[in-house]
Amino acid sequence: MPKKPKLKTPNWILEGYDSEEEYNKKEGIKTKKKGGKTFKLRVCPKCQSDEVKVILGGEEGRGSKGWECKKCKWIGQSIEEKELTEDEFMKYLDKKGEPVN
């Protein structure tokens, strides 16, 4: 059985801040979560198409070799992810012409 990695103490505790929000504010880190339900959309970095598929490889499909765009035939590791709210996602589906149940 492989060893589990040790947990690391967060930087905001090591630097003596009382809360993570206070640390983020002082360091200028913005972590704003969108309210409500969010959807992640993967798009091709070359043509911005959402017709991307994961390429499986290795023994019996174990492991991933990257991503492939079905539209422009791009193959690579770095895929763009867009985070959309429910309203933005519904507008995207309407624009694309997908049926919504």
# chains A, B, ... in the order shown; residues from 1 in each chain; ligands from 1
>>> closest_atom_pairs(of="range 3-51 of chain A", to="range 61-84 of chain A", cutoff="6 Å", atoms="only C-alpha atoms", output="CSV")
residue,atom,partner,partner_atom,distance
A:Thr38,CA,A:Leu84,CA,5.5
A:Phe39,CA,A:Leu84,CA,5.1
A:Lys40,CA,A:Glu83,CA,4.6
A:Leu41,CA,A:Lys82,CA,5.1
A:Arg42,CA,A:Glu81,CA,4.6
A:Val43,CA,A:Glu80,CA,5.4
A:Pro45,CA,A:Glu80,CA,5.9
A:Glu51,CA,A:Lys70,CA,5.6
>>> select_by_dssp(residues="range 20-77 of chain A", states="alpha helix (DSSP H)", output="list in words")
Glu20, Glu21, Glu22, Tyr23, Asn24, Lys25, Lys26 and Glu27 of chain A
>>> residues_around(residues="range 2-12 of chain A", least_positions_apart="4", cutoff="9 Å", atoms="only C-alpha atoms", output="VMD selection string")
chain A and resid 16 to 24
>>> write_last_selection(atoms="C-alpha atoms", output="PDB file, in the first residue's frame")
ATOM      1  CA  GLY A  16       0.119  34.342  11.523  1.00  0.00           C
ATOM      2  CA  TYR A  17      -3.191  35.536  10.037  1.00  0.00           C
ATOM      3  CA  ASP A  18      -6.456  34.894  11.891  1.00  0.00           C
ATOM      4  CA  SER A  19      -8.418  33.808   8.821  1.00  0.00           C
ATOM      5  CA  GLU A  20      -7.925  32.781   5.206  1.00  0.00           C
ATOM      6  CA  GLU A  21     -10.036  35.751   4.036  1.00  0.00           C
ATOM      7  CA  GLU A  22      -7.749  38.200   5.860  1.00  0.00           C
ATOM      8  CA  TYR A  23      -4.656  36.565   4.299  1.00  0.00           C
ATOM      9  CA  ASN A  24      -6.197  36.696   0.804  1.00  0.00           C
TER      10      ASN A  24
END
>>> atom_distance(atom1="CA of Tyr92 in chain A", atom2="CA of Ser49 in chain A")
12.2 Å
>>> atom_distance(atom1="CA of Glu86 in chain A", atom2="CA of Gly36 in chain A")
7.7 Å
>>> select_by_dssp(residues="chain A", states="strand (DSSP E or B)", output="MDAnalysis selection string")
chainID A and resid 38:43 52:56 64:69 75:76 80:85
>>> closest_residue(among="A:Lys37, A:Pro99, A:Leu56, A:Cys47", to="Asp87 in chain A", atoms="only C-alpha atoms")
A:Lys37
>>> atom_distance(atom1="CA of Glu88 in chain A", atom2="CA of Gln48 in chain A")
16.5 Å
>>> decode(residues="range 35-48 of chain A", atoms="all heavy atoms", output="compact mmCIF listing (two decimals), in the first residue's frame")
# COMPACT_ATOMS: atom_id res chain seq x y z
N GLY A 35 -22.46 32.63 -7.14
CA GLY A 35 -23.58 32.10 -6.39
C GLY A 35 -24.43 31.19 -7.25
O GLY A 35 -24.49 31.30 -8.47
N GLY A 36 -25.09 30.25 -6.62
CA GLY A 36 -25.96 29.35 -7.34
C GLY A 36 -25.20 28.22 -8.01
O GLY A 36 -24.03 27.97 -7.75
N LYS A 37 -25.88 27.55 -8.91
CA LYS A 37 -25.29 26.41 -9.60
C LYS A 37 -24.37 26.89 -10.72
O LYS A 37 -24.70 27.80 -11.46
CB LYS A 37 -26.41 25.55 -10.16
CG LYS A 37 -25.96 24.21 -10.62
CD LYS A 37 -27.13 23.29 -10.80
CE LYS A 37 -26.59 21.90 -11.01
NZ LYS A 37 -27.54 20.89 -10.69
N THR A 38 -23.19 26.26 -10.82
CA THR A 38 -22.25 26.61 -11.88
C THR A 38 -21.97 25.39 -12.74
O THR A 38 -22.06 24.25 -12.29
CB THR A 38 -20.93 27.14 -11.31
OG1 THR A 38 -20.38 26.15 -10.46
CG2 THR A 38 -21.13 28.42 -10.54
N PHE A 39 -21.63 25.64 -13.99
CA PHE A 39 -21.34 24.59 -14.96
C PHE A 39 -19.97 24.85 -15.55
O PHE A 39 -19.64 25.98 -15.87
CB PHE A 39 -22.39 24.57 -16.08
CG PHE A 39 -23.77 24.25 -15.60
CD1 PHE A 39 -24.61 25.26 -15.14
CD2 PHE A 39 -24.23 22.96 -15.61
CE1 PHE A 39 -25.88 24.97 -14.70
CE2 PHE A 39 -25.50 22.66 -15.16
CZ PHE A 39 -26.32 23.67 -14.71
N LYS A 40 -19.18 23.78 -15.71
CA LYS A 40 -17.87 23.91 -16.32
C LYS A 40 -17.96 23.46 -17.77
O LYS A 40 -18.48 22.39 -18.07
CB LYS A 40 -16.84 23.07 -15.57
CG LYS A 40 -16.49 23.64 -14.23
CD LYS A 40 -15.34 22.91 -13.60
CE LYS A 40 -15.02 23.53 -12.27
NZ LYS A 40 -13.91 22.86 -11.61
N LEU A 41 -17.43 24.28 -18.65
CA LEU A 41 -17.45 24.02 -20.08
C LEU A 41 -16.02 23.93 -20.57
O LEU A 41 -15.25 24.87 -20.37
CB LEU A 41 -18.21 25.14 -20.79
CG LEU A 41 -18.42 25.03 -22.27
CD1 LEU A 41 -19.34 23.86 -22.59
CD2 LEU A 41 -19.02 26.30 -22.82
N ARG A 42 -15.64 22.82 -21.17
CA ARG A 42 -14.29 22.65 -21.71
C ARG A 42 -14.30 23.04 -23.17
O ARG A 42 -15.13 22.56 -23.94
CB ARG A 42 -13.82 21.22 -21.53
CG ARG A 42 -13.65 20.84 -20.09
CD ARG A 42 -13.16 19.41 -19.96
NE ARG A 42 -12.97 19.06 -18.58
CZ ARG A 42 -13.84 18.40 -17.84
NH1 ARG A 42 -14.98 18.02 -18.36
NH2 ARG A 42 -13.58 18.13 -16.59
N VAL A 43 -13.35 23.91 -23.55
CA VAL A 43 -13.28 24.38 -24.93
C VAL A 43 -11.86 24.22 -25.46
O VAL A 43 -10.88 24.24 -24.71
CB VAL A 43 -13.73 25.85 -25.07
CG1 VAL A 43 -15.19 26.00 -24.77
CG2 VAL A 43 -12.91 26.77 -24.21
N CYS A 44 -11.75 24.08 -26.77
CA CYS A 44 -10.47 23.95 -27.45
C CYS A 44 -9.74 25.30 -27.41
O CYS A 44 -10.34 26.33 -27.71
CB CYS A 44 -10.73 23.54 -28.90
SG CYS A 44 -9.25 23.54 -29.94
N PRO A 45 -8.46 25.31 -27.06
CA PRO A 45 -7.73 26.57 -27.01
C PRO A 45 -7.45 27.15 -28.40
O PRO A 45 -7.18 28.34 -28.53
CB PRO A 45 -6.42 26.21 -26.30
CG PRO A 45 -6.27 24.76 -26.45
CD PRO A 45 -7.65 24.19 -26.58
N LYS A 46 -7.55 26.33 -29.44
CA LYS A 46 -7.25 26.78 -30.80
C LYS A 46 -8.48 27.38 -31.50
O LYS A 46 -8.43 28.49 -32.01
CB LYS A 46 -6.70 25.61 -31.61
CG LYS A 46 -6.19 25.98 -32.96
CD LYS A 46 -5.54 24.78 -33.63
CE LYS A 46 -5.08 25.11 -35.02
NZ LYS A 46 -4.54 23.93 -35.70
N CYS A 47 -9.61 26.65 -31.48
CA CYS A 47 -10.79 27.10 -32.23
C CYS A 47 -11.98 27.46 -31.35
O CYS A 47 -13.03 27.82 -31.86
CB CYS A 47 -11.19 26.04 -33.24
SG CYS A 47 -11.86 24.53 -32.51
N GLN A 48 -11.85 27.35 -30.03
CA GLN A 48 -12.90 27.67 -29.06
C GLN A 48 -14.15 26.80 -29.21
O GLN A 48 -15.23 27.17 -28.77
CB GLN A 48 -13.28 29.15 -29.14
CG GLN A 48 -12.15 30.11 -28.82
CD GLN A 48 -11.61 29.93 -27.42
OE1 GLN A 48 -12.38 29.85 -26.47
NE2 GLN A 48 -10.30 29.85 -27.28
